[in-house]
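Below is run_36.tsv, which holds TSV, C-alpha atoms.
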```
chain	number	residue	atom	x	y	z
P	1	MET	CA	-6.68	-41.14	-3.12
P	2	GLY	CA	-3.01	-41.40	-4.15
P	3	TRP	CA	-0.31	-39.00	-3.06
P	4	LEU	CA	-0.61	-36.98	-6.28
P	5	GLY	CA	-4.33	-36.56	-5.61
P	6	ARG	CA	-3.63	-35.44	-2.05
P	7	ILE	CA	-1.06	-32.89	-3.23
P	8	PHE	CA	-3.48	-31.56	-5.85
P	9	GLY	CA	-6.26	-31.37	-3.27
P	10	PHE	CA	-4.03	-29.46	-0.86
P	11	TYR	CA	-2.92	-27.18	-3.72
P	12	LEU	CA	-6.54	-26.16	-4.25
P	13	ASP	CA	-7.74	-26.23	-0.64
P	14	ALA	CA	-4.80	-24.15	0.61
P	15	SER	CA	-5.55	-21.43	-2.00
P	16	ILE	CA	-2.22	-21.78	-3.80
P	17	HIS	CA	-4.06	-21.92	-7.13
P	18	VAL	CA	-5.92	-18.71	-6.26
P	19	ALA	CA	-2.61	-17.03	-5.40
P	20	PHE	CA	-1.20	-17.90	-8.84
P	21	ALA	CA	-4.37	-16.48	-10.43
P	22	VAL	CA	-4.07	-13.20	-8.52
P	23	VAL	CA	-0.38	-12.81	-9.35
P	24	SER	CA	-1.14	-13.58	-13.00
P	25	LEU	CA	-3.65	-10.73	-13.14
P	26	LEU	CA	-1.10	-8.43	-11.51
P	27	MET	CA	1.45	-9.43	-14.15
P	28	THR	CA	-1.01	-8.66	-16.95
P	29	THR	CA	-1.23	-5.12	-15.53
P	30	ASN	CA	2.55	-4.89	-15.72
P	31	ILE	CA	2.43	-5.93	-19.37
P	32	PHE	CA	-0.31	-3.48	-20.40
P	33	LEU	CA	1.31	-0.54	-18.57
P	34	ASN	CA	4.91	-1.49	-19.42
P	35	ILE	CA	5.78	-1.76	-15.74
P	36	LEU	CA	8.92	-3.68	-14.82
P	37	PRO	CA	8.02	-6.59	-12.49
P	38	GLU	CA	8.92	-5.82	-8.88
P	39	GLN	CA	10.04	-8.99	-7.14
P	40	HIS	CA	9.06	-8.04	-3.58
P	41	LEU	CA	5.62	-6.84	-4.72
P	42	ILE	CA	4.89	-10.02	-6.67
P	43	LEU	CA	6.03	-12.26	-3.82
P	44	PHE	CA	4.08	-10.20	-1.27
P	45	VAL	CA	0.87	-10.56	-3.28
P	46	PHE	CA	1.45	-14.28	-3.81
P	47	PHE	CA	2.29	-15.11	-0.20
P	48	GLY	CA	-0.36	-12.71	1.15
P	49	THR	CA	-3.19	-14.15	-0.94
P	50	VAL	CA	-2.89	-17.61	0.60
P	51	PRO	CA	-3.52	-16.67	4.28
P	52	SER	CA	-6.12	-14.08	3.25
P	53	TYR	CA	-8.22	-16.56	1.30
P	54	ASN	CA	-7.75	-19.34	3.82
P	55	PHE	CA	-8.91	-17.05	6.63
P	56	ILE	CA	-12.05	-16.26	4.64
P	57	LYS	CA	-12.67	-19.92	3.76
P	58	TYR	CA	-11.93	-21.52	7.12
P	59	GLY	CA	-11.76	-18.74	9.70
P	60	THR	CA	-15.51	-18.13	9.78
P	61	LYS	CA	-16.04	-21.78	10.75
P	62	ALA	CA	-13.32	-21.80	13.41
P	63	LYS	CA	-13.76	-20.86	17.05
P	64	LYS	CA	-12.76	-17.20	17.43
P	65	TYR	CA	-11.60	-17.37	13.79
P	66	ILE	CA	-8.41	-19.17	14.83
P	67	LEU	CA	-9.07	-22.44	16.68
P	68	VAL	CA	-9.74	-25.20	14.15
P	69	LYS	CA	-10.50	-28.78	15.19
P	70	ASN	CA	-10.14	-30.54	11.85
P	71	SER	CA	-6.55	-31.83	11.49
P	72	TYR	CA	-6.50	-31.22	7.73
P	73	HIS	CA	-7.63	-27.62	8.22
P	74	ARG	CA	-5.00	-27.25	10.93
P	75	GLN	CA	-2.32	-28.23	8.39
P	76	ILE	CA	-3.67	-25.56	6.04
P	77	GLN	CA	-3.65	-23.09	8.93
P	78	ILE	CA	0.01	-23.77	9.74
P	79	PHE	CA	0.84	-23.49	6.04
P	80	SER	CA	-1.00	-20.16	5.95
P	81	PHE	CA	0.93	-18.79	8.94
P	82	VAL	CA	4.21	-19.61	7.19
P	83	PHE	CA	3.03	-17.77	4.07
P	84	LEU	CA	1.82	-14.86	6.21
P	85	ALA	CA	5.32	-14.53	7.68
P	86	LEU	CA	6.84	-14.58	4.19
P	87	ALA	CA	4.34	-11.95	3.04
P	88	GLY	CA	5.29	-9.80	6.04
P	89	TYR	CA	8.95	-10.00	5.10
P	90	HIS	CA	8.35	-8.77	1.54
P	91	PHE	CA	5.83	-6.18	2.75
P	92	PHE	CA	8.56	-4.12	4.42
P	93	PHE	CA	10.38	-3.66	1.12
P	94	LEU	CA	7.37	-1.88	-0.40
P	95	SER	CA	6.73	1.86	-0.37
P	96	HIS	CA	4.61	3.58	2.28
P	97	LYS	CA	1.94	4.37	-0.33
P	98	VAL	CA	1.66	0.68	-1.14
P	99	TRP	CA	1.41	-0.05	2.59
P	100	LEU	CA	-1.59	2.26	2.77
P	101	ILE	CA	-3.53	0.65	-0.06
P	102	CYS	CA	-2.68	-2.81	1.30
P	103	ILE	CA	-4.14	-1.84	4.68
P	104	VAL	CA	-7.32	-0.54	3.00
P	105	LEU	CA	-7.67	-3.74	0.97
P	106	ALA	CA	-7.04	-5.86	4.08
P	107	LEU	CA	-9.82	-4.01	5.90
P	108	LEU	CA	-12.18	-4.60	2.98
P	109	ALA	CA	-11.26	-8.29	2.96
P	110	GLY	CA	-11.91	-8.34	6.71
P	111	LEU	CA	-15.42	-7.00	6.13
P	112	TYR	CA	-16.02	-10.03	3.93
P	113	ALA	CA	-15.43	-12.44	6.82
P	114	LEU	CA	-15.94	-10.54	10.09
P	115	PRO	CA	-19.33	-9.54	11.59
P	116	VAL	CA	-20.56	-6.13	10.41
P	117	SER	CA	-24.12	-5.97	11.78
P	118	ALA	CA	-26.79	-7.91	13.61
P	119	ARG	CA	-28.59	-8.59	10.33
P	120	HIS	CA	-25.52	-9.76	8.39
P	121	LYS	CA	-22.89	-11.86	10.14
P	122	ASN	CA	-20.48	-10.62	7.47
P	123	LEU	CA	-20.61	-9.23	3.94
P	124	ARG	CA	-20.08	-12.77	2.68
P	125	ASN	CA	-23.73	-13.27	3.65
P	126	SER	CA	-25.07	-10.16	1.92
P	127	GLY	CA	-25.69	-11.33	-1.64
P	128	ILE	CA	-24.63	-8.98	-4.40
P	129	VAL	CA	-22.53	-6.81	-2.05
P	130	LYS	CA	-20.27	-9.83	-1.56
P	131	VAL	CA	-19.56	-10.11	-5.29
P	132	LEU	CA	-18.85	-6.39	-5.67
P	133	LEU	CA	-16.53	-6.46	-2.65
P	134	VAL	CA	-14.52	-9.41	-3.97
P	135	ALA	CA	-14.18	-7.72	-7.38
P	136	LEU	CA	-13.09	-4.49	-5.70
P	137	VAL	CA	-10.40	-6.19	-3.59
P	138	TRP	CA	-9.07	-8.21	-6.55
P	139	THR	CA	-9.00	-5.08	-8.73
P	140	GLY	CA	-7.25	-3.05	-6.05
P	141	THR	CA	-4.66	-5.80	-5.60
P	142	THR	CA	-3.98	-6.56	-9.26
P	143	VAL	CA	-4.25	-3.05	-10.72
P	144	GLY	CA	-4.22	-0.49	-7.91
P	145	ILE	CA	-1.13	-1.79	-6.11
P	146	PRO	CA	1.17	-2.00	-9.18
P	147	ILE	CA	0.03	1.45	-10.36
P	148	ILE	CA	0.73	3.04	-6.98
P	149	SER	CA	3.99	1.13	-6.59
P	150	SER	CA	5.19	2.47	-9.95
P	151	ALA	CA	3.94	6.02	-9.16
P	152	LEU	CA	2.02	6.24	-12.44
P	153	ALA	CA	-0.22	9.27	-12.94
P	154	PHE	CA	-3.89	8.51	-13.43
P	155	SER	CA	-4.98	8.64	-17.07
P	156	TRP	CA	-7.93	7.73	-19.28
P	157	ASP	CA	-6.29	4.44	-20.28
P	158	ILE	CA	-5.56	3.52	-16.67
P	159	GLY	CA	-9.17	4.23	-15.75
P	160	LEU	CA	-10.33	1.89	-18.52
P	161	LEU	CA	-7.85	-0.75	-17.36
P	162	VAL	CA	-9.25	-0.57	-13.82
P	163	LEU	CA	-12.83	-0.85	-15.12
P	164	GLN	CA	-11.98	-3.78	-17.39
P	165	GLN	CA	-10.29	-5.63	-14.55
P	166	PHE	CA	-13.30	-5.08	-12.29
P	167	ILE	CA	-15.66	-6.38	-14.99
P	168	LEU	CA	-13.39	-9.35	-15.73
P	169	ILE	CA	-13.42	-10.45	-12.10
P	170	LEU	CA	-17.21	-10.09	-11.93
P	171	ILE	CA	-17.46	-12.43	-14.94
P	172	LEU	CA	-15.06	-14.95	-13.40
P	173	LEU	CA	-17.17	-15.01	-10.22
P	174	ILE	CA	-20.32	-16.11	-12.06
P	175	PRO	CA	-19.49	-19.87	-12.15
P	176	PHE	CA	-18.83	-19.75	-8.40
P	177	GLU	CA	-22.13	-17.97	-7.74
P	178	ILE	CA	-24.01	-20.57	-9.79
P	179	ARG	CA	-22.13	-23.46	-8.17
P	180	ASP	CA	-22.95	-22.18	-4.69
P	181	LEU	CA	-26.70	-22.23	-5.36
P	182	GLU	CA	-26.66	-25.73	-3.87
P	183	CYS	CA	-25.46	-24.49	-0.48
P	184	ASP	CA	-26.37	-20.78	-0.29
P	185	GLU	CA	-29.23	-19.86	2.01
P	186	LEU	CA	-32.25	-18.42	0.20
P	187	ASN	CA	-32.13	-15.14	2.13
P	188	LEU	CA	-28.70	-14.28	0.71
P	189	GLN	CA	-30.28	-13.02	-2.52
P	190	THR	CA	-27.26	-13.75	-4.70
P	191	ILE	CA	-27.47	-12.85	-8.39
P	192	PRO	CA	-28.49	-16.38	-9.53
P	193	GLN	CA	-31.08	-16.50	-6.75
P	194	ARG	CA	-32.52	-13.17	-7.87
P	195	ILE	CA	-32.65	-13.66	-11.64
P	196	GLY	CA	-31.94	-17.36	-12.21
P	197	VAL	CA	-29.07	-19.27	-13.78
P	198	SER	CA	-29.93	-18.52	-17.43
P	199	LYS	CA	-30.22	-14.76	-16.94
P	200	THR	CA	-27.05	-14.74	-14.82
P	201	LYS	CA	-25.14	-16.34	-17.71
P	202	THR	CA	-26.70	-13.80	-20.08
P	203	LEU	CA	-25.52	-11.03	-17.77
P	204	GLY	CA	-22.04	-12.55	-17.90
P	205	ALA	CA	-22.14	-12.58	-21.71
P	206	PHE	CA	-23.22	-8.93	-21.74
P	207	LEU	CA	-20.39	-7.99	-19.37
P	208	SER	CA	-17.96	-9.91	-21.59
P	209	VAL	CA	-18.99	-7.80	-24.60
P	210	ILE	CA	-18.56	-4.60	-22.55
P	211	PHE	CA	-15.16	-5.86	-21.39
P	212	LEU	CA	-14.02	-6.29	-25.00
P	213	LEU	CA	-15.52	-3.06	-26.36
P	214	LEU	CA	-13.83	-0.95	-23.66
P	215	THR	CA	-10.52	-1.98	-25.21
P	216	PHE	CA	-11.23	0.09	-28.32
P	217	LEU	CA	-11.82	3.26	-26.29
P	218	LYS	CA	-8.17	3.46	-25.24
P	219	ASP	CA	-5.89	6.20	-26.56
P	220	ASP	CA	-2.80	3.99	-26.65
P	221	LEU	CA	-3.84	0.62	-28.04
P	222	SER	CA	-1.48	-2.07	-29.30
P	223	ARG	CA	-2.21	-4.99	-31.58
P	224	MET	CA	-1.06	-7.30	-28.79
P	225	GLU	CA	-3.76	-6.00	-26.45
P	226	ILE	CA	-6.49	-6.24	-29.10
P	227	ILE	CA	-5.64	-9.87	-29.87
P	228	GLY	CA	-5.06	-10.74	-26.20
P	229	ARG	CA	-8.37	-9.33	-24.98
P	230	THR	CA	-10.26	-10.81	-27.95
P	231	LEU	CA	-8.89	-14.26	-27.12
P	232	LEU	CA	-9.85	-13.77	-23.47
P	233	PHE	CA	-13.34	-12.69	-24.55
P	234	LEU	CA	-13.72	-15.98	-26.46
P	235	ILE	CA	-12.44	-17.96	-23.46
P	236	LEU	CA	-14.96	-16.22	-21.19
P	237	CYS	CA	-17.79	-17.04	-23.61
P	238	VAL	CA	-16.80	-20.72	-23.61
P	239	MET	CA	-16.58	-20.65	-19.81
P	240	LEU	CA	-20.11	-19.24	-19.52
P	241	LEU	CA	-21.40	-21.78	-22.05
P	242	PHE	CA	-20.13	-24.67	-19.91
P	243	THR	CA	-21.22	-23.14	-16.60
P	244	HIS	CA	-24.10	-25.10	-15.09
P	245	ARG	CA	-25.74	-25.46	-11.72
P	246	ASN	CA	-24.51	-29.05	-11.40
P	247	GLN	CA	-20.93	-28.51	-12.52
P	248	SER	CA	-17.97	-30.79	-12.00
P	249	LYS	CA	-15.98	-30.60	-8.79
P	250	TYR	CA	-13.01	-28.79	-10.32
P	251	PHE	CA	-14.75	-26.66	-12.95
P	252	ALA	CA	-14.80	-23.44	-10.91
P	253	SER	CA	-12.08	-24.13	-8.34
P	254	PHE	CA	-9.47	-25.17	-10.90
P	255	PHE	CA	-10.40	-24.44	-14.53
P	256	VAL	CA	-12.07	-21.04	-14.02
P	257	GLU	CA	-9.34	-19.90	-11.64
P	258	ALA	CA	-6.77	-21.05	-14.20
P	259	ILE	CA	-8.10	-18.58	-16.80
P	260	PRO	CA	-5.97	-15.63	-15.49
P	261	ILE	CA	-2.92	-17.92	-15.51
P	262	GLY	CA	-3.60	-19.02	-19.07
P	263	TRP	CA	-4.29	-15.45	-20.16
P	264	LEU	CA	-0.94	-14.31	-18.78
P	265	GLY	CA	0.73	-17.05	-20.81
P	266	ILE	CA	-1.09	-15.86	-23.95
P	267	LEU	CA	0.02	-12.25	-23.37
P	268	VAL	CA	3.64	-13.27	-22.80
P	269	VAL	CA	3.63	-15.14	-26.13
P	270	LEU	CA	1.95	-12.24	-27.94
P	271	GLU	CA	4.33	-9.72	-26.36
P	272	ASN	CA	7.34	-11.64	-27.62
P	273	TYR	CA	5.77	-12.08	-31.07
P	274	PHE	CA	4.76	-8.44	-31.55
```

Go through the file and emit its structure as structure tokens.
Amino acid sequence: MGWLGRIFGFYLDASIHVAFAVVSLLMTTNIFLNILPEQHLILFVFFGTVPSYNFIKYGTKAKKYILVKNSYHRQIQIFSFVFLALAGYHFFFLSHKVWLICIVLALLAGLYALPVSARHKNLRNSGIVKVLLVALVWTGTTVGIPIISSALAFSWDIGLLVLQQFILILILLIPFEIRDLECDELNLQTIPQRIGVSKTKTLGAFLSVIFLLLTFLKDDLSRMEIIGRTLLFLILCVMLLFTHRNQSKYFASFFVEAIPIGWLGILVVLENYF
């Protein structure tokens, strides 16, 4: 593998791509709610996502969740500690209310990786609960945090935005759930294990329709949002169409995770046009 391949591999393995996806979803919230981007908040979410995801991916396999033997994973660990320090710096510029929701979300993320009972080593090994927990944490990070940071009052439209984001993340998780059929233990009872690949994709298509239709229930609805969410709906349908059990190496880890990034780009173009 050449040096470009190694850089790309590290970019994915160190969760940098995931961090861009999370920040992109946060920025879409800013666009829909007309919130001015807050630099410290955006950088905190970006830098904080990397160590959080890397802890979940590699910490459960490490001795006492810290001691890794693999030299490549140790490089990722050092990289994560640097990003954790940077996240800590930006964290102290946020409001106390944002601190509170960040602590709650961190505890929820901890439940995903840390032992919770004798039956389940962690919620990562508890099937459908795992998917709901991931969607909840992503929604809290990309919608809850910017709303609280901007001190916006809860409204019907904000409630729909939260619900749409939760559904969107559930849809984006489907290719990962299907991909992991090859390595998931049978007792996990994930969605594809329960109902099969075909019905899981059908469920994703149904959720995609719900995601789009919720748009038209909003009180304050712009043409930009209608077009933007319709385009995303079409992208999600194509994604589900190409989702298979034996998918390519980078289908989920790169292309699916790039959808929020691409969607942000679409919204920025539409915002400037309209």

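Between P:Leu160 and the candidates P:Ile191, P:Val82, P:Leu264, P:Leu33, the tightest atom-to-atom separation, counting all atoms listed in the file, involves P:Leu33.
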
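Shortest separation to P:Ser222 among P:Ile56, P:Leu12, P:Phe274, P:Gly5 occurs at residue P:Phe274, atoms counted being all atoms listed in the file.
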
Open item on the list: Quick check, in Å to one decimal: how far apart do atom CA of P:Met224 and atom CA of P:Ile266 lie?
Closed with: 9.8 Å

Open item on the list: At a cut-off of 8 Å, using only C-alpha atoms, what residues contact stretch 250-255 of chain P? Leave out same-chain residues fewer than 5 positions from it and give the result as a ChimeraX atom specification.
Closed with: /P:12,17,175-176,179

Those residues you just picked out, can you put them in a file as a JSON list (two decimals), in the frame of the given file with C-alpha atoms?
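Dumped to selection_13.json:
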```
[["chain", "number", "residue", "atom", "x", "y", "z"],
["P", 12, "LEU", "CA", -6.54, -26.16, -4.25],
["P", 17, "HIS", "CA", -4.06, -21.92, -7.13],
["P", 175, "PRO", "CA", -19.49, -19.87, -12.15],
["P", 176, "PHE", "CA", -18.83, -19.75, -8.40],
["P", 179, "ARG", "CA", -22.13, -23.46, -8.17]]
```

Distance query P:Gln164 at most 10 Å, all atoms listed in the file, self and fewer than 5 positions along chain excluded, as a PDB file with C-alpha atoms, in the frame of the given file:
```pdb
ATOM      1  CA  THR P 139      -9.000  -5.080  -8.730  1.00  0.00           C
ATOM      2  CA  ILE P 158      -5.560   3.520 -16.670  1.00  0.00           C
ATOM      3  CA  GLY P 159      -9.170   4.230 -15.750  1.00  0.00           C
ATOM      4  CA  ILE P 169     -13.420 -10.450 -12.100  1.00  0.00           C
ATOM      5  CA  LEU P 170     -17.210 -10.090 -11.930  1.00  0.00           C
ATOM      6  CA  LEU P 207     -20.390  -7.990 -19.370  1.00  0.00           C
ATOM      7  CA  SER P 208     -17.960  -9.910 -21.590  1.00  0.00           C
ATOM      8  CA  ILE P 210     -18.560  -4.600 -22.550  1.00  0.00           C
ATOM      9  CA  PHE P 211     -15.160  -5.860 -21.390  1.00  0.00           C
ATOM     10  CA  LEU P 212     -14.020  -6.290 -25.000  1.00  0.00           C
ATOM     11  CA  LEU P 213     -15.520  -3.060 -26.360  1.00  0.00           C
ATOM     12  CA  LEU P 214     -13.830  -0.950 -23.660  1.00  0.00           C
ATOM     13  CA  THR P 215     -10.520  -1.980 -25.210  1.00  0.00           C
TER      14      THR P 215
END
```

Task: Neighbour list for P:Arg245 as a list in words, cut-off 9 Å, all atoms listed in the file, skip fewer than 3 positions in-chain - done: Pro175, Ile178, Arg179, Asp180, Leu181, Glu182 and Val197 of chain P

Task: Nearest to P:Phe93 by atom-to-atom distance, counting all atoms listed in the file, from P:Gln247, P:Thr202, P:Thr29, P:Gln39 - done: P:Gln39
